[in-house]
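This is data.cif. It holds mmCIF, C-alpha atoms.
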data_upload
#
loop_
_atom_site.label_atom_id
_atom_site.label_comp_id
_atom_site.auth_asym_id
_atom_site.auth_seq_id
_atom_site.Cartn_x
_atom_site.Cartn_y
_atom_site.Cartn_z
CA MET A 1 147.66 178.19 169.55
CA LEU A 2 149.22 176.87 166.35
CA GLU A 3 148.07 177.03 162.77
CA ILE A 4 149.01 174.18 160.48
CA SER A 5 148.58 174.47 156.74
CA CYS A 6 149.35 172.25 153.75
CA ASP A 7 150.72 175.34 152.00
CA SER A 8 154.47 175.66 151.51
CA VAL A 9 156.49 177.82 153.90
CA PRO A 10 156.92 180.67 151.32
CA VAL A 11 153.13 180.77 150.76
CA GLN A 12 152.51 180.84 154.51
CA LEU A 13 155.03 183.64 154.97
CA ALA A 14 153.31 185.67 152.23
CA TRP A 15 149.91 185.12 153.91
CA VAL A 16 151.11 186.11 157.37
CA THR A 17 152.91 189.18 155.99
CA ALA A 18 149.92 190.32 153.91
CA ASN A 19 147.36 189.69 156.66
CA PHE A 20 149.32 190.69 159.77
CA GLU A 21 147.87 194.18 160.18
CA GLN A 22 144.68 193.74 158.17
CA HIS A 23 143.36 190.87 160.29
CA GLU A 24 145.08 191.72 163.56
CA VAL A 25 147.03 188.48 163.60
CA SER A 26 148.84 188.03 166.91
CA ASN A 27 152.22 189.71 167.36
CA SER A 28 154.05 186.49 166.58
CA PRO A 29 151.86 184.22 164.46
CA LEU A 30 153.09 180.65 164.40
CA VAL A 31 152.13 178.89 161.20
CA LEU A 32 153.43 175.35 160.75
CA SER A 33 153.75 173.66 157.38
CA ASP A 34 152.18 170.29 156.55
CA PHE A 35 153.54 170.60 153.02
CA TRP A 36 155.96 167.67 152.95
CA PRO A 37 155.20 164.90 153.17
CA HIS A 38 152.11 166.62 151.83
CA GLY A 39 149.24 166.53 154.33
CA GLU A 40 150.78 163.98 156.71
CA VAL A 41 149.58 165.79 159.85
CA SER A 42 146.14 166.42 158.33
CA ARG A 43 145.83 162.75 157.43
CA THR A 44 146.82 161.77 160.99
CA TYR A 45 143.94 163.86 162.34
CA GLY A 46 141.53 162.65 159.63
CA VAL A 47 141.01 166.04 158.02
CA PHE A 48 142.87 165.73 154.70
CA ASN A 49 140.68 165.98 151.59
CA GLU A 50 142.40 163.62 149.14
CA GLU A 51 140.26 164.79 146.21
CA ARG A 52 141.25 168.45 146.64
CA GLY A 53 144.78 167.80 147.95
CA MET A 54 144.31 170.00 150.99
CA SER A 55 143.15 169.85 154.56
CA ILE A 56 139.64 170.64 155.75
CA ARG A 57 139.51 173.76 157.93
CA SER A 58 139.60 172.28 161.38
CA LEU A 59 140.16 173.28 164.96
CA PHE A 60 141.48 170.90 167.61
CA ILE A 61 142.01 171.49 171.30
CA ILE A 62 144.60 169.05 172.58
CA ASP A 63 145.43 168.79 176.27
CA THR A 64 148.85 168.29 177.81
CA SER A 65 148.46 164.49 177.66
CA ARG A 66 147.95 164.84 173.88
CA THR A 67 144.27 163.91 174.07
CA ILE A 68 141.88 165.69 171.71
CA ILE A 69 139.28 167.27 173.97
CA HIS A 70 137.47 169.24 171.25
CA SER A 71 137.40 169.20 167.47
CA GLU A 72 135.42 171.08 164.89
CA GLU A 73 135.48 171.08 161.10
CA SER A 74 134.14 173.60 158.63
CA THR A 75 133.43 172.36 155.14
CA GLN A 76 131.61 175.53 154.05
CA ARG A 77 133.70 177.83 151.89
CA GLY A 78 134.70 180.96 153.81
CA VAL A 79 133.37 179.69 157.16
CA LEU A 80 135.90 179.13 159.93
CA PRO A 81 135.48 176.94 162.99
CA ASP A 82 134.18 178.88 166.01
CA ILE A 83 137.39 180.33 167.49
CA GLU A 84 135.60 182.26 170.26
CA CYS A 85 133.90 179.08 171.48
CA ALA A 86 137.25 177.27 171.48
CA VAL A 87 138.94 180.08 173.43
CA ALA A 88 136.11 180.00 175.99
CA LEU A 89 136.48 176.23 176.31
CA VAL A 90 140.22 176.53 176.91
CA ALA A 91 139.62 179.28 179.50
CA SER A 92 137.14 177.05 181.32
CA LEU A 93 139.79 174.33 181.63
CA GLU A 94 142.23 176.52 183.54
#
Mind turning this structure into structure tokens?
Amino acid sequence: MLEISCDSVPVQLAWVTANFEQHEVSNSPLVLSDFWPHGEVSRTYGVFNEERGMSIRSLFIIDTSRTIIHSEESTQRGVLPDIECAVALVASLE
């Protein structure tokens, strides 16, 4: 599982460090930066909000052939895509 954010690497490092214990982030969180060129990955997946200059909170499950088999967006402030549902879906594929 990878997290991709339009934040810069220093901002991501600060977030992971501050939230590691508080939110029980995995032992080795992997946060990738979509900072430069700003939002390129988000634009590729159609989830970059040009007006706000940031990506929409989204969750994608991509199989080994690079096909998107599930996607979910959350446009409500403070509401994340359903991680538990995604984990169950991945488990059902194995």
Please identify every residue of segment 46-80 of chain A that has at least one atom no farther than 9 Å from an atom of segment 6-11 of chain A, counting only C-alpha atoms, and for each give the shortest atom pair and the distance in Å to one decimal, arranged by chain then increasing number, as JSON lines.
{"residue": "A:Gly53", "atom": "CA", "partner": "A:Cys6", "partner_atom": "CA", "distance": 8.6}
{"residue": "A:Met54", "atom": "CA", "partner": "A:Cys6", "partner_atom": "CA", "distance": 6.2}
{"residue": "A:Ser55", "atom": "CA", "partner": "A:Cys6", "partner_atom": "CA", "distance": 6.7}
Next on the checklist: With the PyMOL selection byres ((chain A and resi 61) around 8) as the selection, what would be picked from this file? Answer as a PyMOL selection string, please.
Outcome noted: chain A and resi 59-60+62-63+68-71+86+90
Checklist entry - Expressed in Å to a single decimal, how great is the separation between atom CA of Ile56 of chain A and atom CA of His38 of chain A? => result 13.7 Å
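Between atom CA of Leu30 of chain A and atom CA of Ala14 of chain A lies a distance of 13.2 Å.
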Next on the checklist: Env of segment 73-82 of chain A: 6 Å cut, atoms = all atoms listed in the file, seq-sep filter 2 positions within chain, self excluded. Answer as a PyMOL selection string.
Outcome noted: chain A and resi 57-58+84-85
Checklist outcome for this item: The distance between atom CA of Val41 of chain A and atom CA of Ser65 of chain A is 17.9 Å
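Selection around (152.9, 176.9, 160.8) with radius 8 Å, counting only C-alpha atoms, yields the residues Leu2, Glu3, Ile4, Ser5, Val9, Gln12, Leu30, Val31, Leu32, Ser33 and Asp34 of chain A.
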Pull C-alpha atoms from the residues just selected and write them as a PDB file, in the coordinates of the input.
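This is the output file again.pdb:
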ATOM      1  CA  LEU A   2     149.220 176.870 166.350  1.00  0.00           C
ATOM      2  CA  GLU A   3     148.070 177.030 162.770  1.00  0.00           C
ATOM      3  CA  ILE A   4     149.010 174.180 160.480  1.00  0.00           C
ATOM      4  CA  SER A   5     148.580 174.470 156.740  1.00  0.00           C
ATOM      5  CA  VAL A   9     156.490 177.820 153.900  1.00  0.00           C
ATOM      6  CA  GLN A  12     152.510 180.840 154.510  1.00  0.00           C
ATOM      7  CA  LEU A  30     153.090 180.650 164.400  1.00  0.00           C
ATOM      8  CA  VAL A  31     152.130 178.890 161.200  1.00  0.00           C
ATOM      9  CA  LEU A  32     153.430 175.350 160.750  1.00  0.00           C
ATOM     10  CA  SER A  33     153.750 173.660 157.380  1.00  0.00           C
ATOM     11  CA  ASP A  34     152.180 170.290 156.550  1.00  0.00           C
TER      12      ASP A  34
END
